[in-house]
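Quick look at upload-v3.cif (mmCIF, C-alpha atoms; chains and numbers go by the auth columns):
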data_model
loop_
_atom_site.group_PDB
_atom_site.id
_atom_site.type_symbol
_atom_site.label_atom_id
_atom_site.label_comp_id
_atom_site.label_asym_id
_atom_site.label_seq_id
_atom_site.Cartn_x
_atom_site.Cartn_y
_atom_site.Cartn_z
_atom_site.B_iso_or_equiv
_atom_site.auth_seq_id
_atom_site.auth_asym_id
ATOM 1 C CA GLN A 1 5.945 -3.690 17.980 0.00 1 A
ATOM 2 C CA VAL A 2 3.860 -2.741 14.986 0.00 2 A
ATOM 3 C CA GLN A 3 3.535 -5.455 12.367 0.00 3 A
ATOM 4 C CA LEU A 4 2.123 -4.991 8.892 0.00 4 A
ATOM 5 C CA VAL A 5 1.082 -7.852 6.620 0.00 5 A
ATOM 6 C CA GLU A 6 0.218 -7.266 2.986 0.00 6 A
ATOM 7 C CA SER A 7 -1.863 -9.637 0.896 0.00 7 A
ATOM 8 C CA GLY A 8 -3.734 -9.785 -2.381 0.00 8 A
ATOM 9 C CA GLY A 9 -0.935 -9.683 -4.914 0.00 9 A
ATOM 10 C CA GLY A 10 -0.765 -11.932 -7.925 0.00 10 A
ATOM 11 C CA LEU A 11 -0.629 -12.154 -11.685 0.00 11 A
ATOM 12 C CA VAL A 12 -3.116 -9.979 -13.539 0.00 12 A
ATOM 13 C CA GLN A 13 -3.501 -9.200 -17.223 0.00 13 A
ATOM 14 C CA PRO A 14 -3.056 -5.639 -18.489 0.00 14 A
ATOM 15 C CA GLY A 15 -6.207 -3.664 -17.900 0.00 15 A
ATOM 16 C CA GLY A 16 -7.210 -5.850 -14.998 0.00 16 A
ATOM 17 C CA SER A 17 -7.732 -5.052 -11.332 0.00 17 A
ATOM 18 C CA LEU A 18 -6.402 -6.166 -7.984 0.00 18 A
ATOM 19 C CA ARG A 19 -7.136 -5.181 -4.427 0.00 19 A
ATOM 20 C CA LEU A 20 -4.299 -5.279 -1.949 0.00 20 A
ATOM 21 C CA SER A 21 -4.812 -5.385 1.787 0.00 21 A
ATOM 22 C CA CYS A 22 -2.568 -4.469 4.664 0.00 22 A
ATOM 23 C CA ALA A 23 -3.425 -5.604 8.168 0.00 23 A
ATOM 24 C CA ALA A 24 -1.795 -4.013 11.190 0.00 24 A
ATOM 25 C CA SER A 25 -1.172 -5.601 14.562 0.00 25 A
ATOM 26 C CA GLY A 26 0.713 -4.608 17.676 0.00 26 A
ATOM 27 C CA ILE A 27 -1.088 -1.286 17.665 0.00 27 A
ATOM 28 C CA THR A 28 -4.294 -0.199 19.297 0.00 28 A
ATOM 29 C CA GLY A 29 -7.253 0.710 17.168 0.00 29 A
ATOM 30 C CA ILE A 30 -7.170 4.266 18.427 0.00 30 A
ATOM 31 C CA ILE A 31 -3.520 4.765 17.534 0.00 31 A
ATOM 32 C CA PHE A 32 -4.043 3.076 14.176 0.00 32 A
ATOM 33 C CA SER A 33 -6.926 5.385 13.389 0.00 33 A
ATOM 34 C CA LEU A 34 -4.683 8.401 14.000 0.00 34 A
ATOM 35 C CA ASN A 35 -1.786 7.179 11.882 0.00 35 A
ATOM 36 C CA ALA A 36 -1.250 7.924 8.252 0.00 36 A
ATOM 37 C CA MET A 37 -0.649 4.810 6.167 0.00 37 A
ATOM 38 C CA GLY A 38 1.293 4.618 2.953 0.00 38 A
ATOM 39 C CA TRP A 39 1.577 2.235 0.032 0.00 39 A
ATOM 40 C CA TYR A 40 4.934 1.952 -1.695 0.00 40 A
ATOM 41 C CA ARG A 41 6.228 -0.223 -4.493 0.00 41 A
ATOM 42 C CA GLN A 42 9.565 -1.412 -5.737 0.00 42 A
ATOM 43 C CA ALA A 43 9.987 -2.632 -9.269 0.00 43 A
ATOM 44 C CA PRO A 44 12.913 -4.855 -10.256 0.00 44 A
ATOM 45 C CA GLY A 45 16.105 -2.821 -10.434 0.00 45 A
ATOM 46 C CA LYS A 46 14.423 0.344 -9.205 0.00 46 A
ATOM 47 C CA GLN A 47 14.171 2.241 -5.971 0.00 47 A
ATOM 48 C CA ARG A 48 11.152 2.001 -3.751 0.00 48 A
ATOM 49 C CA GLU A 49 8.639 4.706 -4.560 0.00 49 A
ATOM 50 C CA LEU A 50 5.550 6.105 -2.922 0.00 50 A
ATOM 51 C CA VAL A 51 2.302 5.021 -4.536 0.00 51 A
ATOM 52 C CA GLY A 52 0.032 6.978 -2.246 0.00 52 A
ATOM 53 C CA SER A 53 -1.027 7.554 1.313 0.00 53 A
ATOM 54 C CA ILE A 54 -4.059 8.061 3.484 0.00 54 A
ATOM 55 C CA THR A 55 -4.348 10.078 6.670 0.00 55 A
ATOM 56 C CA GLY A 56 -6.186 8.955 9.750 0.00 56 A
ATOM 57 C CA SER A 57 -9.167 11.029 8.671 0.00 57 A
ATOM 58 C CA GLY A 58 -9.176 9.511 5.203 0.00 58 A
ATOM 59 C CA SER A 59 -7.524 12.158 3.060 0.00 59 A
ATOM 60 C CA THR A 60 -5.523 10.638 0.250 0.00 60 A
ATOM 61 C CA ASN A 61 -2.818 11.576 -2.161 0.00 61 A
ATOM 62 C CA TYR A 62 -1.322 9.633 -5.030 0.00 62 A
ATOM 63 C CA ALA A 63 1.689 9.515 -7.271 0.00 63 A
ATOM 64 C CA SER A 64 0.949 10.998 -10.669 0.00 64 A
ATOM 65 C CA SER A 65 1.631 7.630 -12.301 0.00 65 A
ATOM 66 C CA VAL A 66 -1.330 5.994 -10.539 0.00 66 A
ATOM 67 C CA LYS A 67 -3.729 8.878 -10.015 0.00 67 A
ATOM 68 C CA GLY A 68 -7.152 8.044 -11.387 0.00 68 A
ATOM 69 C CA ARG A 69 -6.393 4.316 -11.465 0.00 69 A
ATOM 70 C CA PHE A 70 -5.551 3.464 -7.842 0.00 70 A
ATOM 71 C CA THR A 71 -7.603 4.153 -4.727 0.00 71 A
ATOM 72 C CA ILE A 72 -6.502 3.878 -1.116 0.00 72 A
ATOM 73 C CA SER A 73 -9.003 3.291 1.653 0.00 73 A
ATOM 74 C CA ARG A 74 -8.928 2.187 5.250 0.00 74 A
ATOM 75 C CA ASP A 75 -11.070 0.407 7.799 0.00 75 A
ATOM 76 C CA ASN A 76 -9.964 1.550 11.214 0.00 76 A
ATOM 77 C CA ALA A 77 -12.159 -0.998 12.987 0.00 77 A
ATOM 78 C CA LYS A 78 -10.230 -3.748 11.207 0.00 78 A
ATOM 79 C CA LYS A 79 -6.910 -1.903 11.468 0.00 79 A
ATOM 80 C CA SER A 80 -6.518 -2.377 7.745 0.00 80 A
ATOM 81 C CA VAL A 81 -5.717 -0.313 4.708 0.00 81 A
ATOM 82 C CA TYR A 82 -6.461 -1.208 1.110 0.00 82 A
ATOM 83 C CA LEU A 83 -5.130 -0.408 -2.329 0.00 83 A
ATOM 84 C CA GLN A 84 -7.595 -0.859 -5.173 0.00 84 A
ATOM 85 C CA MET A 85 -5.709 -0.997 -8.445 0.00 85 A
ATOM 86 C CA ASN A 86 -7.564 -0.692 -11.736 0.00 86 A
ATOM 87 C CA SER A 87 -6.435 -0.484 -15.349 0.00 87 A
ATOM 88 C CA LEU A 88 -3.176 -2.170 -14.439 0.00 88 A
ATOM 89 C CA LYS A 89 -0.194 -1.763 -16.720 0.00 89 A
ATOM 90 C CA PHE A 90 3.058 -3.637 -17.194 0.00 90 A
ATOM 91 C CA GLU A 91 4.860 -0.800 -15.436 0.00 91 A
ATOM 92 C CA ASP A 92 2.810 -1.431 -12.292 0.00 92 A
ATOM 93 C CA THR A 93 4.693 -4.696 -11.822 0.00 93 A
ATOM 94 C CA ALA A 94 6.402 -4.463 -8.441 0.00 94 A
ATOM 95 C CA VAL A 95 6.449 -5.615 -4.862 0.00 95 A
ATOM 96 C CA TYR A 96 3.940 -3.494 -2.973 0.00 96 A
ATOM 97 C CA TYR A 97 4.556 -2.535 0.644 0.00 97 A
ATOM 98 C CA CYS A 98 2.507 -0.763 3.228 0.00 98 A
ATOM 99 C CA ASN A 99 4.099 1.563 5.704 0.00 99 A
ATOM 100 C CA THR A 100 3.362 3.548 8.781 0.00 100 A
ATOM 101 C CA ARG A 101 5.432 5.712 11.045 0.00 101 A
ATOM 102 C CA GLN A 102 4.981 5.758 14.759 0.00 102 A
ATOM 103 C CA ARG A 103 7.089 7.809 17.155 0.00 103 A
ATOM 104 C CA GLY A 104 9.590 8.481 14.389 0.00 104 A
ATOM 105 C CA VAL A 105 10.035 4.807 13.499 0.00 105 A
ATOM 106 C CA ASP A 106 9.067 3.482 10.077 0.00 106 A
ATOM 107 C CA TYR A 107 7.354 0.118 9.970 0.00 107 A
ATOM 108 C CA TRP A 108 7.128 -1.983 6.815 0.00 108 A
ATOM 109 C CA GLY A 109 5.456 -5.170 5.790 0.00 109 A
ATOM 110 C CA LYS A 110 7.247 -7.851 3.787 0.00 110 A
ATOM 111 C CA GLY A 111 5.387 -6.889 0.652 0.00 111 A
ATOM 112 C CA THR A 112 3.170 -8.598 -1.882 0.00 112 A
ATOM 113 C CA LEU A 113 4.140 -9.135 -5.513 0.00 113 A
ATOM 114 C CA VAL A 114 1.998 -7.785 -8.327 0.00 114 A
ATOM 115 C CA THR A 115 2.875 -8.971 -11.803 0.00 115 A
ATOM 116 C CA VAL A 116 1.354 -7.512 -14.958 0.00 116 A
ATOM 117 C CA PRO A 117 2.780 -9.220 -18.051 0.00 117 A
ATOM 118 C CA SER A 118 3.713 -7.186 -21.089 0.00 118 A
#
Show me, as structure tokens, the structure contained in the file I just sent.
Amino acid sequence: QVQLVESGGGLVQPGGSLRLSCAASGITGIIFSLNAMGWYRQAPGKQRELVGSITGSGSTNYASSVKGRFTISRDNAKKSVYLQMNSLKFEDTAVYYCNTRQRGVDYWGKGTLVTVPS
């Protein structure tokens, strides 16, 4: 059973930075390195949305709302994926989740809260 644990959230002032981490377990390093990983977020009263994703080979794509400010990276040896968030805005306030899909099953972490006050 794949388990994902996010960390690194917190309160940050507008314009500040945070780095989120997502550690995977219950999956071999080889399988992890082949899997795409995604970061999603859910703001209060809104639907969960894709922030961005990274393939096993390291190709990334981002939502237009975060492009140029957020960067996704991964360390396959540590079975971890990261979300570097810069120039944070109030509208980035949300619970951030990492995700992967294996054999047609979506796996989610419990999320980590990022709060950017207005």
Exercise. Measure the distance from CA of Ala23 (chain A) to CA of Asp106 (chain A) in Å and round it to one decimal.
Key: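 Spanning CA of Ala23 (chain A) to CA of Asp106 (chain A) is a straight-line distance of 15.6 Å.
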If I wrap all listed atoms of region 32-39 of chain A in a box with edges along x, y and z and add 5 Å on each side, what are its centre and edge lengths in Å to one decimal, as AutoDock Vina command-line options?
--center_x -2.7 --center_y 5.3 --center_z 7.1 --size_x 18.5 --size_y 16.2 --size_z 24.1
Please, which residues in region 84-108 of chain A fall within 10 Å of region 40-48 of chain A when counting all atoms listed in the file, and what is the closest atom pair and distance in Å to one decimal for each, ordered by chain then residue number, as a tab-separated table?
residue	atom	partner	partner_atom	distance
A:Glu91	CA	A:Ala43	CA	8.2
A:Asp92	CA	A:Ala43	CA	7.9
A:Thr93	CA	A:Ala43	CA	6.2
A:Ala94	CA	A:Ala43	CA	4.1
A:Val95	CA	A:Gln42	CA	5.3
A:Tyr96	CA	A:Arg41	CA	4.3
A:Tyr97	CA	A:Tyr40	CA	5.1
A:Cys98	CA	A:Tyr40	CA	6.1
A:Asn99	CA	A:Tyr40	CA	7.5
A:Trp108	CA	A:Tyr40	CA	9.6
Quiz item: How would you write, as a ChimeraX atom specification, the residues chosen by the PyMOL selection byres ((chain A and resi 9-12) around 7) on this structure?
Solution: /A:7-8,13-14,16,20,112-116
Quiz prompt | Exercise: Ser73 (chain A) partners within 9 Å, all atoms listed in the file, chain neighbours under 3 positions left out, as a list in words | solution =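 Here the answer would be Ile54, Gly58, Thr60, Ser80, Val81, Tyr82, Leu83 and Gln84 of chain A.
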Quiz item: Can you list, as an MDAnalysis selection string, the residues that the PyMOL selection byres ((chain A and resi 24) around 7) selects here?
Solution: chainID A and resid 2:5 22:23 25:26 79:80
Self-check item: Output of the PyMOL selection byres ((chain A and resi 51) around 8), listed as a PyMOL selection string
Solution: chain A and resi 38-41+49-50+52-53+62-63+66
Quiz item: So what do you get for CA of Ala36 (chain A) versus CA of Arg74 (chain A), distance-wise?
Solution: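 Distance between the two atoms: 10.0 Å.
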Practice problem: Kindly indicate which residue among A:Gln102, A:Ser64, A:Asn35, A:Gln1 lies nearest to Asn76 (chain A), using all atoms listed in the file for the distances. | Solution: A:Asn35
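CA of Arg103 (chain A) lies 12.5 Å from CA of Phe32 (chain A).
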Quiz item: Restricting the calculation to all atoms listed in the file, which member of A:Ala77, A:Ile72, A:Leu18, A:Leu34 is positioned closest to Ser57 (chain A)?
Solution: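 Of A:Ala77, A:Ile72, A:Leu18, A:Leu34, the one nearest Ser57 (chain A) is A:Leu34, counting all atoms listed in the file.
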Quiz item: Between A:Thr55, A:Ser118, A:Thr100, A:Thr28, which is the closest to Gly15 (chain A) once you count only C-alpha atoms?
Solution: A:Ser118
Give me the residues near Arg69 (chain A) as a PDB file with C-alpha atoms, keeping the file's coordinate frame, where near means some atom within 7 Å (using only C-alpha atoms) and where sequence neighbours in that chain fewer than 4 positions away do not count.
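Okay, this is what ended up in around-v2.pdb:
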ATOM      1  CA  MET A  85      -5.709  -0.997  -8.445  1.00  0.00           C
ATOM      2  CA  ASN A  86      -7.564  -0.692 -11.736  1.00  0.00           C
ATOM      3  CA  SER A  87      -6.435  -0.484 -15.349  1.00  0.00           C
TER       4      SER A  87
END
Exercise. Return the single residue from A:Lys67, A:Gly111, A:Leu88, A:Lys78 that is closest to Gly29 (chain A), with distances computed using only C-alpha atoms.
Key: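 When distances to Gly29 (chain A) are compared using only C-alpha atoms, the smallest one comes from A:Lys78.
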